[in-house]
file data.csv (CSV, C-alpha atoms and all ligand atoms)
chain,number,residue,atom,x,y,z
A,1,MET,CA,-12.1,-85.1,-39.0
A,2,LYS,CA,-12.7,-83.4,-42.4
A,3,ILE,CA,-16.0,-82.2,-43.8
A,4,ARG,CA,-16.5,-83.0,-47.5
A,5,ARG,CA,-20.2,-82.0,-48.1
A,6,ILE,CA,-23.2,-80.4,-46.5
A,7,ILE,CA,-26.4,-82.4,-46.6
A,8,ASN,CA,-29.4,-80.0,-46.3
A,9,ILE,CA,-32.5,-82.1,-45.3
A,10,TYR,CA,-35.7,-80.1,-45.2
A,11,PHE,CA,-39.5,-80.3,-45.0
A,12,SER,CA,-41.1,-77.1,-46.2
A,13,PRO,CA,-44.7,-77.0,-47.5
A,14,THR,CA,-44.9,-73.3,-48.0
A,15,GLY,CA,-41.3,-72.6,-48.7
A,16,GLU,CA,-40.2,-70.6,-45.6
A,17,THR,CA,-38.1,-73.3,-44.0
A,18,ALA,CA,-36.5,-74.1,-47.4
A,19,GLY,CA,-35.5,-70.4,-47.6
A,20,VAL,CA,-33.9,-70.4,-44.2
A,21,GLY,CA,-32.0,-73.6,-45.0
A,22,ARG,CA,-30.8,-72.1,-48.3
A,23,VAL,CA,-29.5,-68.9,-46.8
A,24,PHE,CA,-27.8,-70.8,-43.9
A,25,CYS,CA,-26.2,-73.5,-46.1
A,26,ALA,CA,-25.0,-71.0,-48.8
A,27,ARG,CA,-22.9,-69.2,-46.2
A,28,LEU,CA,-21.8,-72.3,-44.5
A,29,ALA,CA,-20.7,-73.9,-47.8
A,30,GLU,CA,-18.8,-70.7,-48.8
A,31,LYS,CA,-16.9,-70.7,-45.5
A,32,LEU,CA,-16.1,-74.4,-45.6
A,33,GLY,CA,-15.4,-74.6,-49.3
A,34,VAL,CA,-17.6,-77.7,-49.7
A,35,PRO,CA,-20.8,-78.4,-51.8
A,36,VAL,CA,-24.4,-78.6,-50.6
A,37,GLU,CA,-26.6,-81.6,-51.5
A,38,ASN,CA,-30.3,-80.9,-50.9
A,39,VAL,CA,-32.7,-83.6,-49.7
A,40,ASP,CA,-36.2,-82.2,-49.9
A,41,ILE,CA,-38.6,-84.4,-48.0
A,42,THR,CA,-41.7,-82.2,-48.5
A,43,LEU,CA,-43.6,-84.5,-50.9
A,44,PRO,CA,-44.6,-88.1,-50.1
A,45,SER,CA,-42.8,-89.4,-53.2
A,46,GLU,CA,-39.5,-87.9,-51.7
A,47,ARG,CA,-40.0,-89.6,-48.3
A,48,ARG,CA,-39.0,-93.1,-49.3
A,49,GLY,CA,-35.3,-93.6,-49.0
A,50,THR,CA,-33.1,-94.2,-46.1
A,51,TYR,CA,-29.6,-92.7,-45.9
A,52,GLY,CA,-26.3,-93.3,-44.2
A,53,PHE,CA,-24.0,-90.5,-43.3
A,54,GLY,CA,-20.5,-90.4,-41.8
A,55,GLU,CA,-18.1,-88.0,-40.0
A,56,GLU,CA,-17.3,-86.3,-43.3
A,57,ASP,CA,-20.9,-85.2,-43.8
A,58,LEU,CA,-22.2,-82.1,-42.1
A,59,LEU,CA,-26.0,-82.4,-41.8
A,60,VAL,CA,-28.4,-79.5,-41.7
A,61,LEU,CA,-31.9,-80.5,-40.6
A,62,ALA,CA,-34.7,-78.0,-41.1
A,63,VAL,CA,-38.5,-78.2,-40.3
A,64,PRO,CA,-41.3,-75.7,-39.5
A,65,THR,CA,-42.8,-75.6,-36.1
A,66,TYR,CA,-46.3,-77.1,-36.0
A,67,ALA,CA,-48.2,-76.8,-32.6
A,68,GLY,CA,-44.9,-76.1,-30.9
A,69,ARG,CA,-43.2,-79.3,-32.1
A,70,VAL,CA,-41.8,-81.0,-35.2
A,71,PRO,CA,-44.7,-81.7,-37.5
A,72,ASN,CA,-46.2,-84.9,-36.1
A,73,LYS,CA,-46.9,-86.6,-39.4
A,74,ILE,CA,-43.2,-86.1,-40.5
A,75,GLU,CA,-41.5,-86.9,-37.2
A,76,PRO,CA,-41.7,-90.8,-37.6
A,77,TYR,CA,-40.1,-90.6,-41.0
A,78,LEU,CA,-37.4,-88.2,-39.8
A,79,ARG,CA,-36.6,-90.6,-36.9
A,80,GLY,CA,-36.0,-93.5,-39.3
A,81,MET,CA,-34.7,-91.8,-42.5
A,82,PHE,CA,-31.0,-91.8,-41.7
A,83,ARG,CA,-28.2,-93.3,-39.6
A,84,ALA,CA,-25.4,-90.9,-39.0
A,85,GLU,CA,-22.1,-92.3,-37.6
A,86,GLY,CA,-21.0,-89.2,-35.7
A,87,SER,CA,-21.9,-86.6,-38.4
A,88,PRO,CA,-21.9,-83.1,-37.0
A,89,CYS,CA,-25.5,-81.7,-37.4
A,90,VAL,CA,-27.2,-78.3,-37.3
A,91,THR,CA,-30.9,-78.2,-36.5
A,92,LEU,CA,-33.0,-75.3,-37.8
A,93,VAL,CA,-36.7,-74.6,-37.2
A,94,THR,CA,-38.9,-71.8,-38.5
A,95,PHE,CA,-42.0,-70.6,-36.6
A,96,GLY,CA,-44.8,-68.2,-37.5
A,97,ASN,CA,-44.1,-65.5,-35.0
A,98,ARG,CA,-46.0,-67.1,-32.1
A,99,ALA,CA,-43.4,-69.4,-30.5
A,100,PHE,CA,-41.2,-72.4,-31.4
A,101,ASP,CA,-41.8,-74.0,-28.0
A,102,SER,CA,-40.2,-77.5,-28.2
A,103,SER,CA,-39.7,-78.0,-32.0
A,104,LEU,CA,-36.0,-77.2,-31.9
A,105,ALA,CA,-35.3,-79.5,-28.9
A,106,GLU,CA,-37.3,-82.3,-30.5
A,107,LEU,CA,-35.4,-82.0,-33.8
A,108,ALA,CA,-32.2,-82.1,-31.9
A,109,ASP,CA,-33.4,-85.2,-30.1
A,110,ILE,CA,-34.2,-86.8,-33.5
A,111,ALA,CA,-30.7,-86.0,-34.7
A,112,TRP,CA,-29.0,-87.3,-31.6
A,113,LYS,CA,-30.9,-90.6,-31.6
A,114,SER,CA,-29.9,-91.1,-35.3
A,115,GLY,CA,-26.3,-90.9,-34.3
A,116,ALA,CA,-25.5,-87.3,-35.3
A,117,ARG,CA,-23.8,-84.8,-33.0
A,118,VAL,CA,-25.7,-81.6,-32.8
A,119,ILE,CA,-23.3,-78.7,-32.9
A,120,ALA,CA,-25.7,-75.8,-33.4
A,121,GLY,CA,-29.4,-75.0,-33.5
A,122,GLY,CA,-31.4,-72.0,-34.6
A,123,ALA,CA,-35.1,-71.0,-34.5
A,124,PHE,CA,-36.1,-68.3,-37.0
A,125,ALA,CA,-39.4,-66.4,-37.2
A,126,ALA,CA,-41.1,-66.5,-40.6
A,127,ARG,CA,-44.5,-65.4,-42.0
A,128,HIS,CA,-47.1,-67.7,-40.5
A,129,ALA,CA,-48.5,-70.2,-43.1
A,130,PHE,CA,-52.0,-69.4,-41.8
A,131,SER,CA,-51.9,-65.6,-42.3
A,132,ASP,CA,-49.7,-63.0,-44.0
A,133,ARG,CA,-50.4,-60.7,-41.1
A,134,VAL,CA,-48.7,-62.9,-38.6
A,135,GLY,CA,-44.9,-62.7,-38.9
A,136,GLU,CA,-45.3,-60.2,-41.7
A,137,GLY,CA,-42.0,-59.4,-43.4
A,138,ARG,CA,-40.1,-62.1,-41.6
A,139,PRO,CA,-37.5,-63.3,-42.2
A,140,SER,CA,-36.3,-59.7,-42.6
A,141,GLY,CA,-32.9,-58.4,-43.7
A,142,PRO,CA,-31.6,-58.5,-40.0
A,143,ASP,CA,-33.0,-62.0,-39.7
A,144,ARG,CA,-31.0,-63.1,-42.8
A,145,GLU,CA,-27.9,-61.5,-41.3
A,146,MET,CA,-28.4,-63.5,-38.2
A,147,MET,CA,-28.7,-66.7,-40.2
A,148,GLU,CA,-25.4,-65.8,-42.0
A,149,THR,CA,-23.6,-65.0,-38.8
A,150,MET,CA,-24.8,-68.3,-37.3
A,151,ALA,CA,-23.5,-70.1,-40.4
A,152,GLU,CA,-20.1,-68.3,-40.1
A,153,ASN,CA,-19.8,-69.2,-36.4
A,154,THR,CA,-20.8,-72.8,-37.1
A,155,ALA,CA,-18.2,-73.0,-39.9
A,156,GLN,CA,-15.6,-71.8,-37.4
A,157,LYS,CA,-16.7,-74.3,-34.9
A,158,VAL,CA,-16.4,-77.1,-37.5
A,159,LEU,CA,-12.9,-75.8,-38.7
A,160,ASP,CA,-11.7,-75.7,-35.1
A,161,ALA,CA,-13.0,-79.3,-34.5
A,162,CYS,CA,-11.2,-80.5,-37.7
A,163,GLU,CA,-8.0,-79.4,-36.0
A,164,SER,CA,-8.7,-80.7,-32.5
A,165,ASP,CA,-11.0,-83.6,-33.4
A,166,ASP,CA,-13.2,-82.4,-30.6
A,167,ILE,CA,-16.6,-80.8,-31.0
A,168,THR,CA,-19.1,-79.6,-28.4
A,169,SER,CA,-22.9,-79.4,-28.6
A,170,PRO,CA,-24.9,-76.5,-27.0
A,171,GLU,CA,-26.1,-77.3,-23.5
A,172,GLU,CA,-29.7,-76.5,-24.5
A,173,LEU,CA,-29.7,-79.1,-27.3
A,174,ARG,CA,-27.9,-82.1,-25.7
A,175,GLY,CA,-29.4,-85.5,-26.1
A,176,SER,CA,-32.3,-86.4,-23.9
A,177,TYR,CA,-30.3,-89.3,-22.4
A,178,GLU,CA,-28.3,-86.5,-20.8
A,179,LYS,CA,-31.6,-85.1,-19.5
A,180,THR,CA,-31.0,-81.5,-20.6
A,181,LEU,CA,-33.5,-81.6,-23.5
A,182,LYS,CA,-37.0,-80.6,-22.7
A,183,ILE,CA,-39.9,-81.5,-25.0
A,184,ASP,CA,-43.3,-80.3,-23.9
A,185,ASN,CA,-46.8,-81.4,-25.1
A,186,TYR,CA,-48.2,-80.1,-28.3
A,187,TYR,CA,-49.5,-76.5,-28.2
A,188,VAL,CA,-53.3,-76.4,-28.1
A,189,PRO,CA,-54.6,-73.8,-30.6
A,190,LEU,CA,-57.2,-71.4,-29.2
A,191,THR,CA,-60.1,-69.4,-30.6
A,192,GLU,CA,-60.6,-65.7,-30.2
A,193,THR,CA,-62.5,-66.3,-27.0
A,194,GLY,CA,-59.8,-68.5,-25.5
A,195,GLN,CA,-61.6,-71.8,-26.2
A,196,ARG,CA,-59.8,-74.8,-27.6
A,197,ALA,CA,-60.0,-74.5,-31.4
A,198,VAL,CA,-60.8,-77.9,-32.7
A,199,PHE,CA,-60.1,-78.1,-36.4
A,200,LEU,CA,-58.2,-81.4,-36.7
A,201,LYS,CA,-60.7,-82.6,-39.4
A,202,ALA,CA,-60.8,-79.4,-41.4
A,203,LYS,CA,-60.0,-79.6,-45.1
A,204,PRO,CA,-59.5,-77.0,-47.8
A,205,LYS,CA,-62.4,-76.3,-50.1
A,206,VAL,CA,-62.3,-75.3,-53.8
A,207,ASP,CA,-64.0,-72.3,-55.4
A,208,THR,CA,-65.0,-74.1,-58.7
A,209,GLU,CA,-65.7,-70.7,-60.4
A,210,ARG,CA,-62.1,-69.8,-60.0
A,211,CYS,CA,-60.3,-73.2,-60.3
A,212,VAL,CA,-58.5,-73.6,-63.6
A,213,GLY,CA,-57.9,-77.3,-63.2
A,214,CYS,CA,-54.1,-77.0,-63.2
A,215,GLY,CA,-53.6,-79.7,-60.6
A,216,THR,CA,-50.9,-77.7,-58.7
A,217,CYS,CA,-52.7,-78.4,-55.4
A,218,VAL,CA,-52.8,-82.1,-56.0
A,219,HIS,CA,-49.1,-82.3,-56.7
A,220,SER,CA,-47.9,-79.9,-54.0
A,221,CYS,CA,-49.7,-81.6,-51.0
A,222,PRO,CA,-47.2,-83.1,-48.7
A,223,MET,CA,-49.7,-85.7,-47.5
A,224,GLY,CA,-50.9,-86.6,-51.0
A,225,ALA,CA,-54.3,-85.9,-49.5
A,226,ILE,CA,-56.0,-84.3,-52.5
A,227,ALA,CA,-57.6,-86.6,-55.2
A,228,GLU,CA,-56.8,-86.2,-58.9
A,229,ASP,CA,-60.4,-85.0,-59.3
A,230,ILE,CA,-59.2,-81.9,-57.4
A,231,LEU,CA,-62.6,-81.5,-55.6
A,232,SER,CA,-62.2,-84.2,-53.0
A,233,THR,CA,-59.6,-84.5,-50.2
A,234,PRO,CA,-59.8,-88.1,-49.0
A,235,GLY,CA,-56.4,-88.1,-47.3
A,236,THR,CA,-55.2,-86.6,-44.0
A,237,CYS,CA,-54.8,-82.8,-44.1
A,238,ILE,CA,-52.2,-81.3,-41.9
A,239,LYS,CA,-53.4,-77.7,-42.6
A,240,CYS,CA,-49.9,-76.8,-44.0
A,241,GLN,CA,-51.5,-74.4,-46.5
A,242,ALA,CA,-49.3,-75.5,-49.5
A,243,CYS,CA,-52.4,-76.0,-51.6
A,244,VAL,CA,-53.9,-72.6,-50.6
A,245,ARG,CA,-50.7,-70.7,-51.2
A,246,LYS,CA,-49.6,-72.4,-54.4
A,247,CYS,CA,-52.9,-72.3,-56.2
A,248,PRO,CA,-52.4,-69.8,-59.0
A,249,ALA,CA,-56.1,-68.9,-59.1
A,250,GLY,CA,-56.7,-68.3,-55.4
A,251,ALA,CA,-59.3,-71.0,-55.5
A,252,ARG,CA,-58.3,-73.0,-52.4
A,253,TYR,CA,-59.6,-71.9,-49.0
A,254,PHE,CA,-60.5,-73.0,-45.5
A,255,ASP,CA,-63.9,-72.1,-44.2
A,256,ASP,CA,-63.8,-74.1,-40.9
A,257,GLU,CA,-65.0,-71.6,-38.2
A,258,ALA,CA,-62.7,-72.9,-35.5
A,259,PHE,CA,-59.7,-72.7,-37.8
A,260,LEU,CA,-60.7,-69.1,-38.9
A,261,SER,CA,-61.2,-68.1,-35.3
A,262,HIS,CA,-57.7,-69.4,-34.4
A,263,VAL,CA,-56.2,-67.4,-37.2
A,264,ARG,CA,-58.0,-64.2,-36.0
A,265,MET,CA,-56.7,-64.9,-32.5
A,266,LEU,CA,-53.1,-65.1,-33.9
A,267,GLU,CA,-53.6,-61.9,-35.9
A,268,ARG,CA,-54.8,-60.1,-32.8
A,269,ASP,CA,-52.4,-61.5,-30.2
A,270,TYR,CA,-49.2,-62.2,-32.1
A,271,GLY,CA,-48.5,-59.0,-34.0
A,272,ARG,CA,-45.4,-58.3,-31.9
A,273,ARG,CA,-41.9,-59.2,-33.2
A,274,ALA,CA,-40.8,-62.6,-32.0
A,275,GLU,CA,-37.1,-63.1,-31.4
A,276,ASN,CA,-35.0,-65.6,-33.2
A,277,VAL,CA,-32.9,-67.9,-31.0
A,278,VAL,CA,-29.4,-69.3,-31.9
A,279,TYR,CA,-27.5,-71.9,-29.8
A,280,ILE,CA,-23.9,-72.7,-30.7
A,301,LIG,C1,-50.3,-76.7,-38.8
A,301,LIG,C2,-49.4,-75.6,-38.5
A,301,LIG,C3,-49.1,-75.3,-37.2
A,301,LIG,C4,-48.3,-74.3,-36.8
A,301,LIG,N1,-47.9,-74.1,-35.5
A,301,LIG,C5,-47.1,-73.0,-35.2
A,301,LIG,C6,-46.7,-72.8,-33.8
A,301,LIG,O1,-47.0,-73.6,-32.9
A,301,LIG,N2,-46.0,-71.7,-33.5
A,301,LIG,C7,-45.6,-70.8,-34.5
A,301,LIG,O2,-45.0,-69.8,-34.2
A,301,LIG,N3,-45.9,-71.0,-35.8
A,301,LIG,C8,-46.7,-72.1,-36.1
A,301,LIG,N4,-47.0,-72.4,-37.5
A,301,LIG,C9,-46.4,-71.5,-38.5
A,301,LIG,C10,-45.2,-72.2,-39.2
A,301,LIG,O3,-44.2,-72.7,-38.3
A,301,LIG,C11,-44.5,-71.2,-40.2
A,301,LIG,O4,-45.5,-70.7,-41.0
A,301,LIG,C12,-43.4,-71.9,-41.0
A,301,LIG,O5,-42.5,-71.0,-41.4
A,301,LIG,C13,-44.0,-72.7,-42.2
A,301,LIG,O6,-42.9,-73.3,-42.8
A,301,LIG,P1,-42.9,-73.6,-44.4
A,301,LIG,O7,-43.1,-72.3,-45.1
A,301,LIG,O8,-41.6,-74.2,-44.6
A,301,LIG,O9,-44.0,-74.6,-44.7
A,301,LIG,C14,-47.8,-73.4,-37.8
A,301,LIG,C15,-48.1,-73.6,-39.2
A,301,LIG,C16,-48.9,-74.7,-39.5
A,301,LIG,C17,-49.2,-74.9,-40.9
A,302,LIG,S1,-54.8,-80.5,-48.4
A,302,LIG,FE1,-54.0,-80.0,-46.3
A,302,LIG,S2,-52.1,-81.1,-46.2
A,302,LIG,FE2,-52.6,-81.0,-48.4
A,302,LIG,S3,-51.6,-79.2,-49.1
A,302,LIG,FE3,-53.7,-78.6,-48.5
A,302,LIG,S4,-53.5,-77.9,-46.4
A,302,LIG,FE4,-51.6,-79.1,-46.9
A,303,LIG,S1,-54.2,-75.3,-57.7
A,303,LIG,FE1,-56.0,-74.1,-57.7
A,303,LIG,S2,-56.6,-73.8,-59.8
A,303,LIG,FE2,-55.1,-75.4,-59.8
A,303,LIG,S3,-56.4,-77.3,-59.6
A,303,LIG,FE3,-55.9,-76.7,-57.5
A,303,LIG,S4,-57.7,-75.4,-56.9
A,303,LIG,FE4,-57.7,-75.5,-59.1

call {"tool": "encode", "arguments": {"input": "data.csv", "output": "structure tokens", "more": "lines below"}}
Ligand SMILES: Cc1cc2nc3c(=O)[nH]c(=O)nc-3n(C[C@H](O)[C@H](O)[C@H](O)COP(=O)(O)O)c2cc1C
Ligand code: SF4
Ligand code: SF4
result
Amino acid sequence: MKIRRIINIYFSPTGETAGVGRVFCARLAEKLGVPVENVDITLPSERRGTYGFGEEDLLVLAVPTYAGRVPNKIEPYLRGMFRAEGSPCVTLVTFGNRAFDSSLAELADIAWKSGARVIAGGAFAARHAFSDRVGEGRPSGPDREMMETMAENTAQKVLDACESDDITSPEELRGSYEKTLKIDNYYVPLTETGQRAVFLKAKPKVDTERCVGCGTCVHSCPMGAIAEDILSTPGTCIKCQACVRKCPAGARYFDDEAFLSHVRMLERDYGRRAENVVYI
């Protein structure tokens, strides 16, 4: 077994997951002396191809946690996008300081069922897409050090495997057919008063006084949900916040009361520092 390249596949509407993948892959590539090829599947135009990978490809799969799982609108594409004939694979998730719940296990399941062999997995806390006050300052310097240490240990594991042709996967992330992988139901978001926060149909609004008509929101929406006219959002909105965070004029916002109440609950209850988790 010899690794010739790292393939970094990521979905990252507001950039946190891309950042974690970048830090991790840079150190991994340095240690292994191989190049990184990025496959960014954030935009709909990029989620078209199917890929085939082999034993010489080291896959790094990275997604954010949405409702405790892999984002449900991306999961079907991820499940079909590649066949990997025994490629070693690292699964990475970010989460917004609440909890990653089952997202890492589900991502590992996707990798296993596509033929890859999961050799490491990590969940890293990041600023929550919904609020700068949740997961503020994450990933921090020590978080990045942890990503780099994980990359170094993964590289060592790969190098050892190249000698022995034998590679193990962490117990916690073994394939579901081995019955050690637990994937729970989606997390149910709550309001400040502990009620179910129903905001599935919420869509972002536009402050027309501020909007400069640049079209950034239209072209950065991972669902292609926003019409070219900027004002209407006929497509499915996954609440990713890409349009809100990327708008240069601060003109995009959500005013759905259930959504805002959920955000206030997160700000109130999830101020503590969530721990990262690494499995190798
Ligand atoms: C729709 C949605 C659901 C989310 N659900 C969770 C969650 O269940 N737990 C959590 O800790 N963070 C949650 N987050 C926060 C994201 O996991 C976090 O902001 C992530 O780093 C965003 O990745 P990105 O910057 O690559 O888009 C959620 C964010 C969004 C947009
Ligand atoms: S419209 Fe919805 S899905 Fe599209 S970028 Fe905005 S928040 Fe994300
Ligand atoms: S990104 Fe902001 S300023 Fe640009 S078109 Fe969209 S709402 Fe208007």

call {"tool": "closest_atom_pairs", "arguments": {"input": "data.csv", "of": "stretch 89-163 of chain A", "to": "stretch 232-247 of chain A", "cutoff": "12 Å", "atoms": "all atoms listed in the file", "output": "tab-separated table"}}
result
residue	atom	partner	partner_atom	distance
A:Gly96	CA	A:Cys240	CA	11.9
A:His128	CA	A:Gln241	CA	10.0
A:Ala129	CA	A:Gln241	CA	6.2
A:Phe130	CA	A:Gln241	CA	6.9
A:Ser131	CA	A:Gln241	CA	9.8
A:Asp132	CA	A:Arg245	CA	10.6

call {"tool": "residues_around", "arguments": {"input": "data.csv", "residues": "A:Ile230", "least_positions_apart": "4", "cutoff": "10 Å", "atoms": "only C-alpha atoms", "output": "ChimeraX atom specification"}}
result
/A:205-206,208,211,213-218,226

call {"tool": "residues_around", "arguments": {"input": "data.csv", "residues": "A:Arg22", "least_positions_apart": "5", "cutoff": "10 Å", "atoms": "only C-alpha atoms", "output": "PyMOL selection string"}}
result
chain A and resi 8+10+16-17+27-28+36+38+147

call {"tool": "write_last_selection", "arguments": {"input": "data.csv", "atoms": "C-alpha atoms", "output": "PDB file, in the coordinates of the input"}}
result
ATOM      1  CA  ASN A   8     -29.400 -80.000 -46.300  1.00  0.00           C
ATOM      2  CA  TYR A  10     -35.700 -80.100 -45.200  1.00  0.00           C
ATOM      3  CA  GLU A  16     -40.200 -70.600 -45.600  1.00  0.00           C
ATOM      4  CA  THR A  17     -38.100 -73.300 -44.000  1.00  0.00           C
ATOM      5  CA  ARG A  27     -22.900 -69.200 -46.200  1.00  0.00           C
ATOM      6  CA  LEU A  28     -21.800 -72.300 -44.500  1.00  0.00           C
ATOM      7  CA  VAL A  36     -24.400 -78.600 -50.600  1.00  0.00           C
ATOM      8  CA  ASN A  38     -30.300 -80.900 -50.900  1.00  0.00           C
ATOM      9  CA  MET A 147     -28.700 -66.700 -40.200  1.00  0.00           C
TER      10      MET A 147
END

call {"tool": "closest_residue", "arguments": {"input": "data.csv", "among": "A:Leu200, A:Ala249, A:Val90, A:Val134", "to": "ligand LIG 302 (chain A)", "atoms": "all atoms listed in the file"}}
result
A:Leu200

call {"tool": "residues_around", "arguments": {"input": "data.csv", "residues": "A:Val277", "least_positions_apart": "4", "cutoff": "10 Å", "atoms": "all atoms listed in the file", "output": "list of chain:residue names"}}
result
A:Val93, A:Phe100, A:Leu104, A:Gly121, A:Gly122, A:Ala123, A:Phe124, A:Ala125, A:Met146

call {"tool": "atom_distance", "arguments": {"input": "data.csv", "atom1": "atom CA of A:Leu266", "atom2": "atom O5 of ligand LIG 301 (chain A)"}}
result
14.3 Å

call {"tool": "atom_distance", "arguments": {"input": "data.csv", "atom1": "atom CA of A:Thr191", "atom2": "atom CA of A:His262"}}
result
4.5 Å

call {"tool": "atom_distance", "arguments": {"input": "data.csv", "atom1": "atom C17 of ligand LIG 301 (chain A)", "atom2": "atom CA of A:Ser169"}}
result
29.4 Å

call {"tool": "build_atoms", "arguments": {"input": "data.csv", "residues": "stretch 263-277 of chain A", "atoms": "N, CA and C atoms", "output": "PDB file, in the coordinates of the input"}}
result
ATOM      1  N   VAL A 263     -57.050 -68.311 -36.434  1.00  0.00           N
ATOM      2  CA  VAL A 263     -56.200 -67.400 -37.200  1.00  0.00           C
ATOM      3  C   VAL A 263     -56.482 -65.944 -36.792  1.00  0.00           C
ATOM      4  N   ARG A 264     -57.735 -65.615 -36.514  1.00  0.00           N
ATOM      5  CA  ARG A 264     -58.000 -64.200 -36.000  1.00  0.00           C
ATOM      6  C   ARG A 264     -57.359 -63.988 -34.693  1.00  0.00           C
ATOM      7  N   MET A 265     -57.328 -65.020 -33.831  1.00  0.00           N
ATOM      8  CA  MET A 265     -56.700 -64.900 -32.500  1.00  0.00           C
ATOM      9  C   MET A 265     -55.161 -64.594 -32.751  1.00  0.00           C
ATOM     10  N   LEU A 266     -54.550 -65.354 -33.672  1.00  0.00           N
ATOM     11  CA  LEU A 266     -53.100 -65.100 -33.900  1.00  0.00           C
ATOM     12  C   LEU A 266     -52.875 -63.727 -34.463  1.00  0.00           C
ATOM     13  N   GLU A 267     -53.749 -63.287 -35.359  1.00  0.00           N
ATOM     14  CA  GLU A 267     -53.600 -61.900 -35.900  1.00  0.00           C
ATOM     15  C   GLU A 267     -53.722 -60.873 -34.841  1.00  0.00           C
ATOM     16  N   ARG A 268     -54.593 -61.121 -33.894  1.00  0.00           N
ATOM     17  CA  ARG A 268     -54.800 -60.100 -32.800  1.00  0.00           C
ATOM     18  C   ARG A 268     -53.704 -60.167 -31.772  1.00  0.00           C
ATOM     19  N   ASP A 269     -53.276 -61.375 -31.396  1.00  0.00           N
ATOM     20  CA  ASP A 269     -52.400 -61.500 -30.200  1.00  0.00           C
ATOM     21  C   ASP A 269     -50.899 -61.649 -30.576  1.00  0.00           C
ATOM     22  N   TYR A 270     -50.575 -61.957 -31.814  1.00  0.00           N
ATOM     23  CA  TYR A 270     -49.200 -62.200 -32.100  1.00  0.00           C
ATOM     24  C   TYR A 270     -48.638 -61.283 -33.223  1.00  0.00           C
ATOM     25  N   GLY A 271     -48.966 -60.019 -33.054  1.00  0.00           N
ATOM     26  CA  GLY A 271     -48.500 -59.000 -34.000  1.00  0.00           C
ATOM     27  C   GLY A 271     -47.063 -58.537 -33.601  1.00  0.00           C
ATOM     28  N   ARG A 272     -46.703 -58.755 -32.312  1.00  0.00           N
ATOM     29  CA  ARG A 272     -45.400 -58.300 -31.900  1.00  0.00           C
ATOM     30  C   ARG A 272     -44.266 -59.116 -32.576  1.00  0.00           C
ATOM     31  N   ARG A 273     -43.044 -58.553 -32.533  1.00  0.00           N
ATOM     32  CA  ARG A 273     -41.900 -59.200 -33.200  1.00  0.00           C
ATOM     33  C   ARG A 273     -41.307 -60.279 -32.367  1.00  0.00           C
ATOM     34  N   ALA A 274     -41.436 -61.536 -32.778  1.00  0.00           N
ATOM     35  CA  ALA A 274     -40.800 -62.600 -32.000  1.00  0.00           C
ATOM     36  C   ALA A 274     -39.316 -62.646 -32.281  1.00  0.00           C
ATOM     37  N   GLU A 275     -38.554 -62.998 -31.260  1.00  0.00           N
ATOM     38  CA  GLU A 275     -37.100 -63.100 -31.400  1.00  0.00           C
ATOM     39  C   GLU A 275     -36.648 -64.407 -31.957  1.00  0.00           C
ATOM     40  N   ASN A 276     -35.614 -64.367 -32.764  1.00  0.00           N
ATOM     41  CA  ASN A 276     -35.000 -65.600 -33.200  1.00  0.00           C
ATOM     42  C   ASN A 276     -34.074 -66.080 -32.032  1.00  0.00           C
ATOM     43  N   VAL A 277     -33.757 -67.362 -32.040  1.00  0.00           N
ATOM     44  CA  VAL A 277     -32.900 -67.900 -31.000  1.00  0.00           C
ATOM     45  C   VAL A 277     -31.790 -68.743 -31.685  1.00  0.00           C
TER      46      VAL A 277
END
